[in-house]
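**Student:** The structure that follows is given in the form of structure tokens.
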Amino acid sequence: MTSREGGPAISDADSAVASHDPAGLPAPSRAPRMRTVLALAKVEASFLVRSLLVVAGLLAGGAVVWVTIGSKEPLWWNVGWRIGAGQLVIGMAVLAAAQLAVGRARRNGMTDLYASFPATAGTRTLAHLVGLAGAAPASLLLIAAADAVVQLRGAIGAPSIAVLVGGLLLVIAAGAAGTAIGTRFPHPMAGVLGALVLFLSSGQSHLPGAAELWLYPWESFSDQLGGLPGPLAGYPPAAPHAVELAGLAALAGVVALAVTVTSTRARGGLAAAGIVAIAVICLAGAVQVRPIPTGDLNQLVNEVADPGSAQRCTTASQVRYCLYPRFGSLLPSLEAPVSEVLALLPARPAQPLTVRQVVYLSLPDSTLTHGHLNRDVSRWTARVQQAPGNATVTPATAIYLPVGNWPAAGGQLADAHFDLALATAEWAVRLPGPSGSLSGGGGMPCVPLNQAREPVAIWLAILATHPPAGELQDGLGVGTTIPAAVVRNTAIRGWDYPGVGGGYVTPPGGGPQTTAAGYLLASAMTRLPQQKVSHILADDWGKWLNWHTTDAQLAAALGIPMPSVSTLPAPANGPEAALCTT
Amino acid sequence: MASQPPNILNAAEDAPSAPEQPVRPTPRSRLSWLRALPRLARPITQTMPWATLLAGCLAGTIILAVMAHFAGASQPPGPGTIRLAFLPAVAALAFAPRAPFRPLTQATPVPAWVAPVGHILLAAAMLTVTCWAQLRIVAHTIPPGAIVHMPAIYPLIAQLAGWCAVTVAAAACVDRSRYADLGGAIAAPVSFAGTAIVWYLPITSRFLAEPAATAHSVTITWYAIAAGALALTCVAMRDQWHRYARNLGRRGSAPTALRA
């Protein structure tokens, strides 16, 4: 520390050292040396706490956590690792800050001056390593803030201490790596490069070893944690990974000290410590690459392929809600829009509705199945491909909710409620998806062109959830964003309902393509007294459900003019969608 | 360009012997310093941070080569991978505009911005070679005869040029601040954060990233950003004073020492 760096002078420690020697020369002693280390570490830690880089890293890390968690229901077995992605960003900043701090003397050309101090280079390096404790507040603050936000948003499951501690250890290990780099390379570019290498190691899609994914400092985006119905032991192996990070931090510290320490005895001790650190890293790595137990994978595949075997079903208003055990708290959020639609119906279909959670699991995935026999992997893959979550066609009496996609709050939750209400209404008016009209559509959503049941379904959904009119109107699009479908070589102007593409809900049969004409007529219906519309619909409910009944007939019955929809030029080679005819 | 500060040495040599006569510098063309450019080539080349630039360019290229080597045929590296691999080179560029003896060079007839501009031009040539090499590496990952839809390269080049220009502008601005000693170390993360924010913010990403924006509009937008950043660079380089913003409220106190 020098006055040039603005830090307080370490007068106590150094005077303590000098006082032992009558000639004023430093006399090395263990206790004063430790006091020197602690005093220096205190100053370095305070620099690190106030470092602009670390503060910026904290803000950026918070932004990363916010973006990666998104607005979806927070699942603790996924959120813990996303918080770690934010810790990776803090780690990058701490790495650069630590490298700058350690390289300060050489960068300023003050090596000779520092060499004249009683504190040796090794002492200063040790102080820098201890001073990495100054990075802990930023890391802990991120953990605390993220935990608070996640809990407030109704987290599902429980946090894993090992994962959260692993994030903290990642920051410390990155700082130790920065210290090691700074002892040899004082140029700031070395720290920037180190931080970039740490960043690039988090995008593992192009790095070797999918099965060894967990060996990288932090796995960020290559897992399927967000869609699992519960935590899976060993996926990822959190505790061994935390041990690996601790070993890496220790190894980096040993390397940093080895560069600066000159004593043979100390180097011997460092060599021994380095060997221990490497052994710990190797051991932790070996534990991490162990295959996930076959029993656990069998159970996961069973839960995915046959959700009924693992879910708990509740019946309310003659609708079955089947959710995985940890997701019971979602039930009120699901019941509300469905019940609202059911309350508006003059009559229900004979077959009851089931609202069921499903899992989109992608197999083969070597991070999940590495180390298992090909025969077992093929069996699991075949079962999962037949699972409800991966099926392209859904039953006409079921609404599927992909696990991990249901929003926690805000505008997206309102969109999800509308989607669920619309799916319920489409079931009620028997609007089919591709399963009912595969003859011409080839799996594409069918189009209820000029069918009265479509505006009826949209009207039911709007009344059940009351979405903002502006958001509904935005679904019509403008310019190049106008949704369209081609039916019988004619371009039909479509309508993107709120939350379309969000993947919150898979409607019965996969859901039809909603049209602009259907929406505009439904919008006109909402401006009429609800009792009047309900009465007209209830009088001849069967007629309005018939796919031959047109929008114009419905408008005439309601006494309103048919809204005009601008036509679109047909695309030359656009895919042809089928008409909904069941 | 900027008006030159009085050349003390020349003025002393040209001063009349009689002390009562006013000082009259020899009339000299404003662009006479251009004649010194050939002589400046050597010191500019020697003071260029070659090691830093080489480290940045090679690090990114090696990382890309490793990624290309291990990437499967079904998942060859694309423009996104090139963007990531180009980051170290952009970070290295942040160290190019540094003028360590600016107070001294400002007292010479040659404008003080000549050396940093020379460094930037040399660095630009090096980054061009790096970009070409990285594109070649990615091209080699495509199996011969394979029919793949490759995205247009010109938006990518425009984007990389925009990143470079923003980084140079940030470095030039930091060089005029109290953090001048840390120029690149501050400018690199600042420019990365800035580009990441505009890249991911829904409002700006509509103009800066495909597929929300067309390739042409992406190209035009990034070149416009590059032009703006270069204009800012010019302004910062012509500025002759360090801006000690923290001392504005402490009149009379000495500038705070830099913490490096």
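Residues in the structure tokens are named by chain (A, B, ... in the order shown) and by number from 1 within that chain; ligands are numbered from 1 in the order shown.
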Apply DSSP to the backbone of this structure and, from segment 393-474 of chain A, keep only the residues in strand (DSSP E); write these as a VMD selection string.
**Tutor:** chain A and resid 398 to 402
**Student:** Mind checking which residues fall within 12 Å of Ala242 of chain A, counting only C-alpha atoms, ignoring those fewer than 4 positions away in the same chain, and posting them as a ChimeraX atom specification?
**Tutor:** /A:84,160-173,214-218,236-238,246-249,280-281,284-285,287-288
**Student:** Using only C-alpha atoms for the distances, tell me which of A:Val358, A:Met562, A:Val64, A:Ala145 is nearest to chain B.
**Tutor:**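 Among the listed residues, the smallest separation from chain B belongs to A:Val64.
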**Student:** With 8 Å as the limit and counting only C-alpha atoms, what residues in chain B lie close to chain A? Please list them as a PyMOL selection string.
**Tutor:** chain B and resi 52+56+59+66-68+70-71+77+84+87-88+91-92+95+182+184-185+188+257-260
**Student:** Just list the residues in segment 104-233 of chain A DSSP gives alpha helix (DSSP H) on the backbone, as a PyMOL selection string.
**Tutor:** chain A and resi 104-107+111-115+121-130+136-152+161-184+188-200
**Student:** Using only C-alpha atoms for the distances, tell me which of A:Leu363, A:Ala461, A:Thr397, A:Gln412 is nearest to Ala425 of chain A.
**Tutor:**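 Counting only C-alpha atoms, the residue closest to Ala425 of chain A is A:Ala461.
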**Student:** Find the residues around segment 256-264 of chain A up to 7 Å (only C-alpha atoms counted), leave out those fewer than 4 positions away in its own chain, and share them as a compact mmCIF listing (two decimals) with C-alpha atoms, in the first residue's frame.
**Tutor:**
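Okay, this is what ended up in part05.txt:
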# COMPACT_ATOMS: atom_id res chain seq x y z
CA ALA A 121 6.03 -9.88 -1.88
CA GLY A 122 4.75 -13.16 -0.50
CA THR A 125 0.19 -11.71 -2.12
CA LEU A 126 -1.14 -13.55 0.89
CA THR A 179 -4.56 -12.79 -8.09
CA ALA A 180 -2.52 -15.57 -9.67
CA THR A 183 1.36 -11.79 -9.88
CA ALA A 252 -4.99 -20.53 -7.70
CA GLY A 268 7.84 -26.92 -0.29
CA LEU A 270 3.07 -24.66 -1.24
**Student:** Nearest to Thr233 of chain B among B:Ile137, B:Ile63, B:Val174, B:Leu58, with distances taken over only C-alpha atoms: which residue is it?
**Tutor:** B:Val174
**Student:** Could you pull the residues within 8 Å of Glu44 of chain A, counting only C-alpha atoms, minus those fewer than 2 positions along the same chain, as an MDAnalysis selection string?
**Tutor:** chainID A and resid 40:42 46:48 101 127:128 131:132 134
**Student:** Nearest to Thr314 of chain A: which of A:Pro159, A:Thr354, A:Pro575, A:Ile560 is it, counting only C-alpha atoms?
**Tutor:**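 Among the listed residues, the smallest separation from Thr314 of chain A belongs to A:Thr354.
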**Student:** Pick out the closest residue to Ala187 of chain B from this set: B:Leu40, B:Leu34, B:Ala96, B:Ala209. Count only C-alpha atoms.
**Tutor:**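 The answer is B:Ala96, which sits nearest to Ala187 of chain B.
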**Student:** Looking at A:Leu420, A:Gly157, A:Gln553, A:Leu344, which one is nearest to Tyr324 of chain A, with distances taken over only C-alpha atoms?
**Tutor:**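 Result for the nearest residue to Tyr324 of chain A: A:Gly157.
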**Student:** Considering only C-alpha atoms, return as a ChimeraX atom specification whatever protein or nucleic-acid residues lie within 10 Å of Glu73 of chain A, sequence-local ones (same chain, fewer than 3 positions apart) excluded.
**Tutor:** /A:69-70,76,79,150,153-156,226,327,330,403-409,413
**Student:** For Gly178 of chain A, list every protein, DNA or RNA residue within 6 Å, evaluated using only C-alpha atoms, and leave out those in the same chain fewer than 6 positions away; present the list as a ChimeraX atom specification.
**Tutor:** /A:95,98-99
**Student:** Kindly export the residues of the current selection with C-alpha atoms, as a compact mmCIF listing (two decimals), in the first residue's frame.
**Tutor:**
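After the write, result.txt holds the following:
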# COMPACT_ATOMS: atom_id res chain seq x y z
CA LEU A 95 -11.12 -11.56 -11.32
CA ALA A 98 -8.04 -8.70 -8.18
CA GLN A 99 -5.65 -8.82 -11.13
**Student:** Neighbours of Trp113 of chain B within 12 Å (only C-alpha atoms; same-chain residues fewer than 5 positions away dropped), as a PyMOL selection string?
**Tutor:** chain B and resi 1-2+4+44+97-103+105-106+108+118-120+172+175-176+233-240
